[in-house]
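Novice: Please find one structure pasted underneath; my questions will follow.
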Amino acid sequence: MSAGTTDVINPSTEQVVATIASASAEETDEAVALAAAALPAWRAVAPADRARLLRRFAESVDDHLEELAWLEVANAGHTIANARWEAGNVRDVLHYYSAAPERLMGRQIPVEGGVNVTFKEPLGVVGVIVPWNFPMPIAGWGMAPALAAGNAVVLKPAEMTPLTAVRLGELALEAGLPEGVLQVVTGKGSVVGQRLVDSPLVAKIVFTGSTEVGRGIMAGCAQHVKRVTLELGGKNANIVFADADLARAAAAAPSGVFDNAGQDCCARSRILVQRSVYDEFMTLLEPAVTRIRVGDPGDEATEMGPLISAGHHRKVASYVPDDALVAFRGSAPDGPGYWFAPTVLAPVQTSDPAFTDEVFGPVVTVVAFDDEQDAVRIANDTEYGLSGSIWTRDLGRALRTARAVEAGNLSVNSNSSVRYSTPFGGFKQSGLGRELGPDALEAFTETKNVYIATED
Ligand code: NAD
């Protein structure tokens, strides 16, 4: 029996754009059973044919790129430029891992009296639990390597942003993926997501979301010693040294934190500036913030859309009380929609909740530091460790700082964190395991060792 329906709201207009089924625990079990039944045939598909199917799926995503992008504009309020990139990222990740089925190579290890080989076996049914902030890319990062390695996937999108995931599930079937190999089950985290965690038939959970829910998922997986990959929160530092190209660092800082309205686990929401150039940096930062175009995400010129929901708007606003030290802020539309102007808080104490918590909105804090050691100390003074940036012209300092900052994804003279061909994931409470890149397949396979005696 279904657990009812959920209205999907356009965060720019507050209008209902679709009503989607909320699956029950029993329906989740049925999907898992269908996935388990599809497994033997899927893992038996010849490597070149599995590769071909993934390429066809990628091409189908590309053929529907505009449709998917506009769905995300309506469902999540992402700017059309971002939404096109996100759909393109699903295509690219599928293409990247379509090369994997024919390259899932084991090893031959010298032993006495026989031959020893290793195989990379699929895990089985993989549950992929996706948050609302990047519905398409995060679905792709989980499902593409899982499918390439011969697993079946049950994908649960976030309650608020199911539309693109549902469409991707349809496109997979149209591209020829056998029924049951990739299923999208919409519904509540506490029902569908929890059932995937608890089900003995699910071999692995790939979870992206908040650190709090991630802890519970890890504990739930422990009951079955279930494999788990966690991509959790972040409170990332953007470290600007005095010898940096300050104009470039200041021009890039706003998109490093306000992209996707700050609803990005990699948002550089703590800017650390060397004290001797603090004033100069702030003078350069102000125009870069005030000129950000916030508004209709369907307008090609828009740089920032709304927050995802009224509830999330309230949470973000709580970090900017009336007496907050707002250094400057951009603008945002009036009227319907969950708009929040890009906001720069400075000077802040390093104990201020806006500096310590993942705000997940367009709010950035700026503090001054004295020297390299001080910068690293402040950057690492957090339970998180996902990403970060270092701006300097000194190569030695760049490398020393990059090695010293406790985070999984660092960039020098850039704020970019994500490339499908390189590993992505967190240190400390930002996560467990890595996605993307050449090694992600390790997270979707078990190594099997086989010894064959050759002596009489
Ligand atoms: P969330 O933790 O509330 O939900 C994430 C997903 O988990 C949703 O699909 C939700 O329905 C499901 N869920 C909720 N409770 C569950 C339960 N008990 N069992 C199983 N599933 C459950 O997170 P959110 O608010 O959707 O997303 C925002 C968070 O995601 C932020 O903290 C952000 O930093 C994080 N995030 C991390 C990364 C990364 O790669 N590290 C990427 C994007 C977002």
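Residues are referred to by chain and number: the chain letter is A, B, ... according to the order shown in the structure tokens, the number counts from 1 in that chain, and ligands are numbered separately from 1 in the order shown.
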Report as a PyMOL selection string which protein, DNA and RNA residues come within 7 Å of ligand 1, using only C-alpha atoms and all ligand atoms.
Specialist: chain A and resi 129-134+156-159+188-190+192-194+197+207-214+216-217+231-234+264-265+358+360+386+425-426+430-431
Novice: Could you list, with a cut-off of 8 Å and counting only C-alpha atoms, the residues of range 100-209 of chain A near range 55-58 of chain A, each shown with its nearest atom pair and the distance in Å rounded to one decimal, rows sorted by chain and ascending number, as a Markdown table?
Specialist:
```
| residue | atom | partner | partner_atom | distance |
| --- | --- | --- | --- | --- |
| A:Leu171 | CA | A:Phe57 | CA | 6.8 |
| A:Ala172 | CA | A:Phe57 | CA | 5.5 |
| A:Ala175 | CA | A:Phe57 | CA | 5.1 |
| A:Gly176 | CA | A:Phe57 | CA | 7.8 |
| A:Leu177 | CA | A:Phe57 | CA | 7.9 |
```
Novice: May I have the residues from that selection written out with N, CA, C and O atoms, as a PDB file, in the first residue's frame?
Specialist:
```pdb
ATOM      1  N   LEU A 171      14.475   7.196 -18.630  1.00  0.00           N
ATOM      2  CA  LEU A 171      15.441   7.225 -19.738  1.00  0.00           C
ATOM      3  C   LEU A 171      16.314   5.969 -19.735  1.00  0.00           C
ATOM      4  O   LEU A 171      16.679   5.456 -20.801  1.00  0.00           O
ATOM      5  N   ALA A 172      16.631   5.476 -18.546  1.00  0.00           N
ATOM      6  CA  ALA A 172      17.447   4.256 -18.454  1.00  0.00           C
ATOM      7  C   ALA A 172      16.713   3.083 -19.101  1.00  0.00           C
ATOM      8  O   ALA A 172      17.306   2.307 -19.869  1.00  0.00           O
ATOM      9  N   ALA A 175      16.630   3.417 -22.790  1.00  0.00           N
ATOM     10  CA  ALA A 175      17.947   3.147 -23.386  1.00  0.00           C
ATOM     11  C   ALA A 175      18.253   1.652 -23.435  1.00  0.00           C
ATOM     12  O   ALA A 175      19.258   1.253 -24.018  1.00  0.00           O
ATOM     13  N   GLY A 176      17.407   0.858 -22.768  1.00  0.00           N
ATOM     14  CA  GLY A 176      17.580  -0.593 -22.864  1.00  0.00           C
ATOM     15  C   GLY A 176      18.088  -1.273 -21.611  1.00  0.00           C
ATOM     16  O   GLY A 176      18.322  -2.482 -21.610  1.00  0.00           O
ATOM     17  N   LEU A 177      18.269  -0.522 -20.519  1.00  0.00           N
ATOM     18  CA  LEU A 177      18.663  -1.202 -19.282  1.00  0.00           C
ATOM     19  C   LEU A 177      17.524  -2.147 -18.887  1.00  0.00           C
ATOM     20  O   LEU A 177      16.354  -1.739 -18.915  1.00  0.00           O
TER      21      LEU A 177
END
```
Novice: Just want the 9 Å neighbourhood of range 397-402 of chain A, counted on only C-alpha atoms, with same-chain residues fewer than 4 positions away dropped. Output as number ranges by chain.
Specialist: A: 372-373, 375-376, 388-393, 406-407, 410-413
Novice: Find the residues around range 347-352 of chain A up to 12 Å (only C-alpha atoms counted), leave out those fewer than 3 positions away in its own chain, and share them as JSON, numbers by chain.
Specialist: {"A": [270, 271, 272, 273, 275, 278, 279, 282, 319, 320, 321, 324, 325, 326, 327, 328, 344, 355, 356, 357, 358, 359, 364, 365, 366, 367, 368, 369, 377, 378, 379, 380, 381, 382]}
Novice: Go ahead and write the residues just picked, N, CA and C atoms, as a short mmCIF file (atom, residue, chain, number, x, y, z; two decimals), in the first residue's frame.
Specialist:
```cif
data_model
loop_
_atom_site.label_atom_id
_atom_site.label_comp_id
_atom_site.auth_asym_id
_atom_site.auth_seq_id
_atom_site.Cartn_x
_atom_site.Cartn_y
_atom_site.Cartn_z
N ARG A 270 33.67 29.99 4.73
CA ARG A 270 34.57 30.70 5.66
C ARG A 270 35.71 31.27 4.82
N ILE A 271 35.74 32.58 4.69
CA ILE A 271 36.87 33.19 3.97
C ILE A 271 37.88 33.65 5.02
N LEU A 272 39.11 33.15 4.88
CA LEU A 272 40.20 33.50 5.80
C LEU A 272 41.18 34.38 5.02
N VAL A 273 41.36 35.61 5.47
CA VAL A 273 42.20 36.54 4.72
C VAL A 273 43.37 36.99 5.59
N ARG A 275 45.83 39.16 7.49
CA ARG A 275 45.47 40.44 8.10
C ARG A 275 46.00 41.65 7.31
N TYR A 278 43.59 42.40 4.51
CA TYR A 278 42.16 42.21 4.81
C TYR A 278 41.32 43.35 4.24
N ASP A 279 41.71 44.60 4.52
CA ASP A 279 40.89 45.74 4.07
C ASP A 279 40.83 45.81 2.55
N MET A 282 38.49 43.12 1.25
CA MET A 282 37.07 43.44 1.47
C MET A 282 36.59 44.51 0.47
N TYR A 319 20.72 32.50 10.98
CA TYR A 319 22.15 32.80 11.11
C TYR A 319 22.45 34.28 10.87
N VAL A 320 21.42 35.03 10.47
CA VAL A 320 21.62 36.46 10.24
C VAL A 320 20.56 37.23 11.05
N PRO A 321 20.71 37.22 12.40
CA PRO A 321 19.74 37.94 13.23
C PRO A 321 19.86 39.45 12.99
N ALA A 324 23.17 41.05 13.51
CA ALA A 324 24.34 40.43 12.86
C ALA A 324 25.22 41.51 12.25
N LEU A 325 26.52 41.26 12.24
CA LEU A 325 27.47 42.23 11.65
C LEU A 325 27.55 41.99 10.15
N VAL A 326 26.60 42.59 9.43
CA VAL A 326 26.58 42.44 7.96
C VAL A 326 27.52 43.48 7.37
N ALA A 327 28.59 43.01 6.73
CA ALA A 327 29.54 43.94 6.10
C ALA A 327 28.92 44.54 4.84
N PHE A 328 28.30 43.69 4.03
CA PHE A 328 27.54 44.12 2.87
C PHE A 328 26.73 42.95 2.36
N VAL A 344 27.38 38.94 3.42
CA VAL A 344 28.75 38.81 3.92
C VAL A 344 28.77 39.27 5.38
N PHE A 355 29.93 30.98 11.62
CA PHE A 355 31.29 30.57 11.24
C PHE A 355 31.52 29.08 11.46
N THR A 356 30.79 28.51 12.43
CA THR A 356 31.05 27.10 12.77
C THR A 356 30.07 26.12 12.10
N ASP A 357 28.82 26.55 11.87
CA ASP A 357 27.80 25.62 11.36
C ASP A 357 27.73 25.65 9.84
N GLU A 358 27.27 24.54 9.27
CA GLU A 358 27.01 24.54 7.83
C GLU A 358 25.68 25.25 7.61
N VAL A 359 25.73 26.51 7.15
CA VAL A 359 24.51 27.31 6.97
C VAL A 359 23.73 26.80 5.77
N VAL A 364 28.23 34.16 3.93
CA VAL A 364 29.65 33.87 4.06
C VAL A 364 30.23 34.70 5.20
N THR A 365 31.16 34.09 5.94
CA THR A 365 31.82 34.77 7.04
C THR A 365 33.27 35.03 6.66
N VAL A 366 33.80 36.18 7.10
CA VAL A 366 35.19 36.50 6.78
C VAL A 366 35.94 36.77 8.09
N VAL A 367 37.12 36.15 8.23
CA VAL A 367 37.97 36.44 9.39
C VAL A 367 39.40 36.70 8.91
N ALA A 368 40.17 37.38 9.75
CA ALA A 368 41.58 37.65 9.42
C ALA A 368 42.46 36.61 10.11
N PHE A 369 43.61 36.29 9.48
CA PHE A 369 44.60 35.42 10.13
C PHE A 369 45.97 36.09 10.03
N ARG A 377 45.43 26.47 11.31
CA ARG A 377 44.76 26.19 12.59
C ARG A 377 43.26 26.53 12.50
N ILE A 378 42.96 27.72 11.96
CA ILE A 378 41.55 28.11 11.86
C ILE A 378 40.81 27.20 10.87
N ALA A 379 41.44 26.92 9.74
CA ALA A 379 40.78 26.08 8.72
C ALA A 379 40.42 24.71 9.29
N ASN A 380 41.31 24.16 10.14
CA ASN A 380 41.09 22.81 10.66
C ASN A 380 40.26 22.77 11.93
N ASP A 381 39.87 23.91 12.44
CA ASP A 381 39.12 23.96 13.70
C ASP A 381 37.63 23.71 13.42
N THR A 382 37.32 22.54 12.90
CA THR A 382 35.95 22.17 12.54
C THR A 382 35.86 20.66 12.48
#
```
Novice: Taking into account only C-alpha atoms, which residue in the set A:Arg52, A:Arg84, A:Lys235, A:His64 is nearest to Gly298 in chain A?
Specialist: A:Arg84
Novice: Once DSSP has gone over the backbone, tell me which residues of range 41-120 of chain A are in helix (DSSP H, G or I), as a PyMOL selection string.
Specialist: chain A and resi 41-44+47-63+65-76+80-98+101-103
Novice: Find, counting only C-alpha atoms, the residue in A:Ala152, A:Leu441, A:Ala346, A:Ala261 that gets nearest to Ala36 in chain A.
Specialist: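 Nearest to Ala36 in chain A: A:Ala152.
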Novice: Ranking A:Ala288, A:Asp296, A:Ala100, A:Met136 by minimum distance to Lys120 in chain A and counting only C-alpha atoms, which one comes first?
Specialist: A:Ala100
Novice: As a list in words, please: all residues of range 257-382 of chain A that backbone DSSP puts in strand (DSSP E or B).
Specialist: Arg270, Ile271, Leu272, Val273, Gln274, Val294, Met304, Val326, Ala327, Phe328, Arg329, Thr343, Val344, Leu345, Val363, Val364, Thr365, Val366, Val367, Ala368 and Phe369 of chain A
Novice: Between A:Thr447, A:Thr454, A:Ser60, A:Ser2, which residue has the minimum interatomic distance to Thr118 in chain A, considering only C-alpha atoms?
Specialist: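 For Thr118 in chain A, the nearest of the candidates is A:Thr447.
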Novice: Got a sec: who's within 12 Å of Ser255 in chain A, counting only C-alpha atoms, leaving out chain neighbours fewer than 5 positions off, as a PyMOL selection string?
Specialist: chain A and resi 82+238+248-250+260-264+266-269+285+288-289+291-293+303-304+342+362-364+414-416
Novice: Save out the residues we just selected, N, CA and C atoms, as an mmCIF file, in the first residue's frame.
Specialist:
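And here is the file that came out, part_19.cif:
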```cif
data_model
loop_
_atom_site.group_PDB
_atom_site.id
_atom_site.type_symbol
_atom_site.label_atom_id
_atom_site.label_comp_id
_atom_site.auth_asym_id
_atom_site.auth_seq_id
_atom_site.Cartn_x
_atom_site.Cartn_y
_atom_site.Cartn_z
ATOM 1 N N ASN A 82 23.335 26.391 -14.529
ATOM 2 C CA ASN A 82 23.778 25.319 -13.632
ATOM 3 C C ASN A 82 23.074 24.003 -13.962
ATOM 4 N N ASN A 238 38.225 29.190 2.559
ATOM 5 C CA ASN A 238 38.825 29.800 1.378
ATOM 6 C C ASN A 238 39.943 30.695 1.911
ATOM 7 N N ARG A 248 41.774 38.497 -8.372
ATOM 8 C CA ARG A 248 41.207 37.216 -8.828
ATOM 9 C C ARG A 248 40.527 36.484 -7.677
ATOM 10 N N ALA A 249 41.191 36.468 -6.528
ATOM 11 C CA ALA A 249 40.635 35.753 -5.368
ATOM 12 C C ALA A 249 39.296 36.377 -4.959
ATOM 13 N N ALA A 250 39.225 37.699 -4.966
ATOM 14 C CA ALA A 250 37.988 38.381 -4.555
ATOM 15 C C ALA A 250 36.896 38.203 -5.603
ATOM 16 N N ASN A 260 24.550 27.983 -6.487
ATOM 17 C CA ASN A 260 23.424 27.164 -6.011
ATOM 18 C C ASN A 260 22.856 27.738 -4.705
ATOM 19 N N ALA A 261 22.902 29.075 -4.595
ATOM 20 C CA ALA A 261 22.403 29.783 -3.406
ATOM 21 C C ALA A 261 23.064 29.275 -2.124
ATOM 22 N N GLY A 262 24.327 28.841 -2.251
ATOM 23 C CA GLY A 262 25.065 28.387 -1.068
ATOM 24 C C GLY A 262 24.678 26.994 -0.621
ATOM 25 N N GLN A 263 23.767 26.352 -1.334
ATOM 26 C CA GLN A 263 23.294 25.011 -0.939
ATOM 27 C C GLN A 263 24.224 23.969 -1.562
ATOM 28 N N ASP A 264 25.441 24.012 -1.134
ATOM 29 C CA ASP A 264 26.496 23.208 -1.737
ATOM 30 C C ASP A 264 27.420 22.761 -0.615
ATOM 31 N N CYS A 266 30.288 21.901 -0.802
ATOM 32 C CA CYS A 266 31.646 22.424 -1.036
ATOM 33 C C CYS A 266 31.712 23.947 -0.933
ATOM 34 N N ALA A 267 30.617 24.597 -0.560
ATOM 35 C CA ALA A 267 30.610 26.062 -0.483
ATOM 36 C C ALA A 267 31.735 26.549 0.425
ATOM 37 N N ARG A 268 32.499 27.527 -0.095
ATOM 38 C CA ARG A 268 33.586 28.099 0.720
ATOM 39 C C ARG A 268 32.973 29.187 1.600
ATOM 40 N N SER A 269 32.361 28.764 2.707
ATOM 41 C CA SER A 269 31.571 29.694 3.518
ATOM 42 C C SER A 269 32.390 30.340 4.641
ATOM 43 N N LEU A 285 36.011 42.683 -2.649
ATOM 44 C CA LEU A 285 34.912 41.703 -2.558
ATOM 45 C C LEU A 285 33.539 42.371 -2.703
ATOM 46 N N ALA A 288 31.931 42.635 -6.110
ATOM 47 C CA ALA A 288 31.707 41.293 -6.673
ATOM 48 C C ALA A 288 30.455 40.658 -6.064
ATOM 49 N N VAL A 289 30.113 41.039 -4.826
ATOM 50 C CA VAL A 289 28.926 40.489 -4.165
ATOM 51 C C VAL A 289 27.678 41.274 -4.567
ATOM 52 N N ARG A 291 26.975 42.884 -7.181
ATOM 53 C CA ARG A 291 26.502 42.794 -8.567
ATOM 54 C C ARG A 291 25.977 41.402 -8.954
ATOM 55 N N ILE A 292 25.923 40.476 -7.998
ATOM 56 C CA ILE A 292 25.386 39.135 -8.329
ATOM 57 C C ILE A 292 23.913 39.266 -8.714
ATOM 58 N N ARG A 293 23.567 38.654 -9.838
ATOM 59 C CA ARG A 293 22.177 38.748 -10.306
ATOM 60 C C ARG A 293 21.355 37.611 -9.709
ATOM 61 N N GLU A 303 22.360 34.575 -11.924
ATOM 62 C CA GLU A 303 23.504 33.860 -11.332
ATOM 63 C C GLU A 303 23.129 33.098 -10.061
ATOM 64 N N MET A 304 22.032 33.483 -9.416
ATOM 65 C CA MET A 304 21.634 32.805 -8.180
ATOM 66 C C MET A 304 20.114 32.750 -8.078
ATOM 67 N N PRO A 342 22.576 37.446 -1.148
ATOM 68 C CA PRO A 342 23.939 37.068 -0.765
ATOM 69 C C PRO A 342 24.433 37.990 0.355
ATOM 70 N N PRO A 362 23.219 31.398 1.209
ATOM 71 C CA PRO A 362 24.153 32.402 0.684
ATOM 72 C C PRO A 362 24.669 33.354 1.762
ATOM 73 N N VAL A 363 25.332 32.769 2.752
ATOM 74 C CA VAL A 363 25.883 33.552 3.857
ATOM 75 C C VAL A 363 27.352 33.173 4.004
ATOM 76 N N VAL A 364 28.228 34.164 3.928
ATOM 77 C CA VAL A 364 29.651 33.871 4.064
ATOM 78 C C VAL A 364 30.231 34.699 5.202
ATOM 79 N N SER A 414 41.883 28.610 -7.271
ATOM 80 C CA SER A 414 40.645 28.148 -7.913
ATOM 81 C C SER A 414 39.702 27.735 -6.791
ATOM 82 N N ASN A 415 38.381 27.758 -7.079
ATOM 83 C CA ASN A 415 37.440 27.234 -6.087
ATOM 84 C C ASN A 415 36.740 25.978 -6.595
ATOM 85 N N SER A 416 37.313 25.324 -7.583
ATOM 86 C CA SER A 416 36.580 24.190 -8.151
ATOM 87 C C SER A 416 36.960 22.901 -7.423
#
```
Novice: Give me, as a VMD selection string, all polymer residues having an atom no more than 12 Å from Pro162 in chain A, counting only C-alpha atoms and skipping those fewer than 2 positions away in the same chain.
Specialist: chain A and resid 5 to 9 17 to 22 68 71 to 72 74 to 76 129 to 136 139 155 to 160 164 to 169 184 to 188
Novice: Give me a file of those residues, with C-alpha atoms, as an mmCIF file, in the first residue's frame.
Specialist:
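Just written: out.cif:
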```cif
data_model
loop_
_atom_site.group_PDB
_atom_site.id
_atom_site.type_symbol
_atom_site.label_atom_id
_atom_site.label_comp_id
_atom_site.auth_asym_id
_atom_site.auth_seq_id
_atom_site.Cartn_x
_atom_site.Cartn_y
_atom_site.Cartn_z
ATOM 1 C CA THR A 5 1.685 11.556 -2.080
ATOM 2 C CA THR A 6 3.952 14.593 -1.774
ATOM 3 C CA ASP A 7 3.448 17.949 -3.483
ATOM 4 C CA VAL A 8 6.549 19.166 -5.301
ATOM 5 C CA ILE A 9 6.912 22.942 -4.959
ATOM 6 C CA VAL A 17 4.499 21.715 -10.003
ATOM 7 C CA ALA A 18 3.772 18.017 -9.517
ATOM 8 C CA THR A 19 2.384 15.518 -7.050
ATOM 9 C CA ILE A 20 4.510 12.433 -6.565
ATOM 10 C CA ALA A 21 3.825 9.089 -4.884
ATOM 11 C CA SER A 22 5.409 8.435 -1.520
ATOM 12 C CA LEU A 68 16.106 17.573 -17.617
ATOM 13 C CA LEU A 71 12.757 20.197 -14.834
ATOM 14 C CA GLU A 72 15.481 21.139 -12.321
ATOM 15 C CA ALA A 74 11.148 24.211 -11.904
ATOM 16 C CA ASN A 75 11.781 21.713 -9.110
ATOM 17 C CA ALA A 76 14.896 23.033 -7.353
ATOM 18 C CA ILE A 129 20.038 7.972 -1.165
ATOM 19 C CA VAL A 130 20.224 11.470 -2.657
ATOM 20 C CA PRO A 131 19.804 14.952 -1.068
ATOM 21 C CA TRP A 132 17.868 17.870 -2.556
ATOM 22 C CA ASN A 133 20.741 20.221 -3.330
ATOM 23 C CA PHE A 134 22.196 18.489 -6.424
ATOM 24 C CA PRO A 135 19.559 15.929 -7.399
ATOM 25 C CA MET A 136 21.040 14.994 -10.781
ATOM 26 C CA ALA A 139 22.251 10.426 -8.452
ATOM 27 C CA LEU A 155 17.680 5.144 -6.029
ATOM 28 C CA LYS A 156 15.796 7.316 -3.558
ATOM 29 C CA PRO A 157 15.690 11.023 -4.380
ATOM 30 C CA ALA A 158 15.003 13.636 -1.702
ATOM 31 C CA GLU A 159 11.307 14.282 -0.975
ATOM 32 C CA MET A 160 11.503 17.832 -2.311
ATOM 33 C CA THR A 164 14.764 14.614 -12.523
ATOM 34 C CA ALA A 165 15.500 11.288 -10.818
ATOM 35 C CA VAL A 166 12.149 9.891 -11.948
ATOM 36 C CA ARG A 167 12.903 11.022 -15.511
ATOM 37 C CA LEU A 168 16.411 9.510 -15.399
ATOM 38 C CA GLY A 169 14.839 6.185 -14.377
ATOM 39 C CA VAL A 184 13.730 5.123 -8.656
ATOM 40 C CA VAL A 185 11.584 4.943 -5.534
ATOM 41 C CA THR A 186 10.182 8.255 -4.302
ATOM 42 C CA GLY A 187 9.184 8.847 -0.711
ATOM 43 C CA LYS A 188 10.257 9.821 2.760
#
```
Novice: Considering only C-alpha atoms, state which residue in the set A:Ala443, A:Pro297, A:Asp245, A:Ser318 is at the smallest distance from Gly77 in chain A.
Specialist: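 Answer, going by the shortest atom-to-atom distance: A:Pro297.
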Novice: Counting only C-alpha atoms, figure out which residue out of A:Val73, A:Ala247, A:Met105, A:His78 gets nearest to Val277 in chain A.
Specialist: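 Among the listed residues, the smallest separation from Val277 in chain A belongs to A:Ala247.
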Novice: I'd like the interatomic distance between CA of Asn10 in chain A and CA of Leu182 in chain A, to a tenth of an Å.
Specialist: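 Taking CA of Asn10 in chain A as the start and CA of Leu182 in chain A as the end point, the length is 26.6 Å.
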Novice: When you look at Val225 in chain A with a cut-off of 10 Å (counting only C-alpha atoms), what residues show up, excluding the ones that are within fewer than 4 positions of it in the same chain? I need them as an MDAnalysis selection string.
Specialist: chainID A and resid 200 203:204 218:221
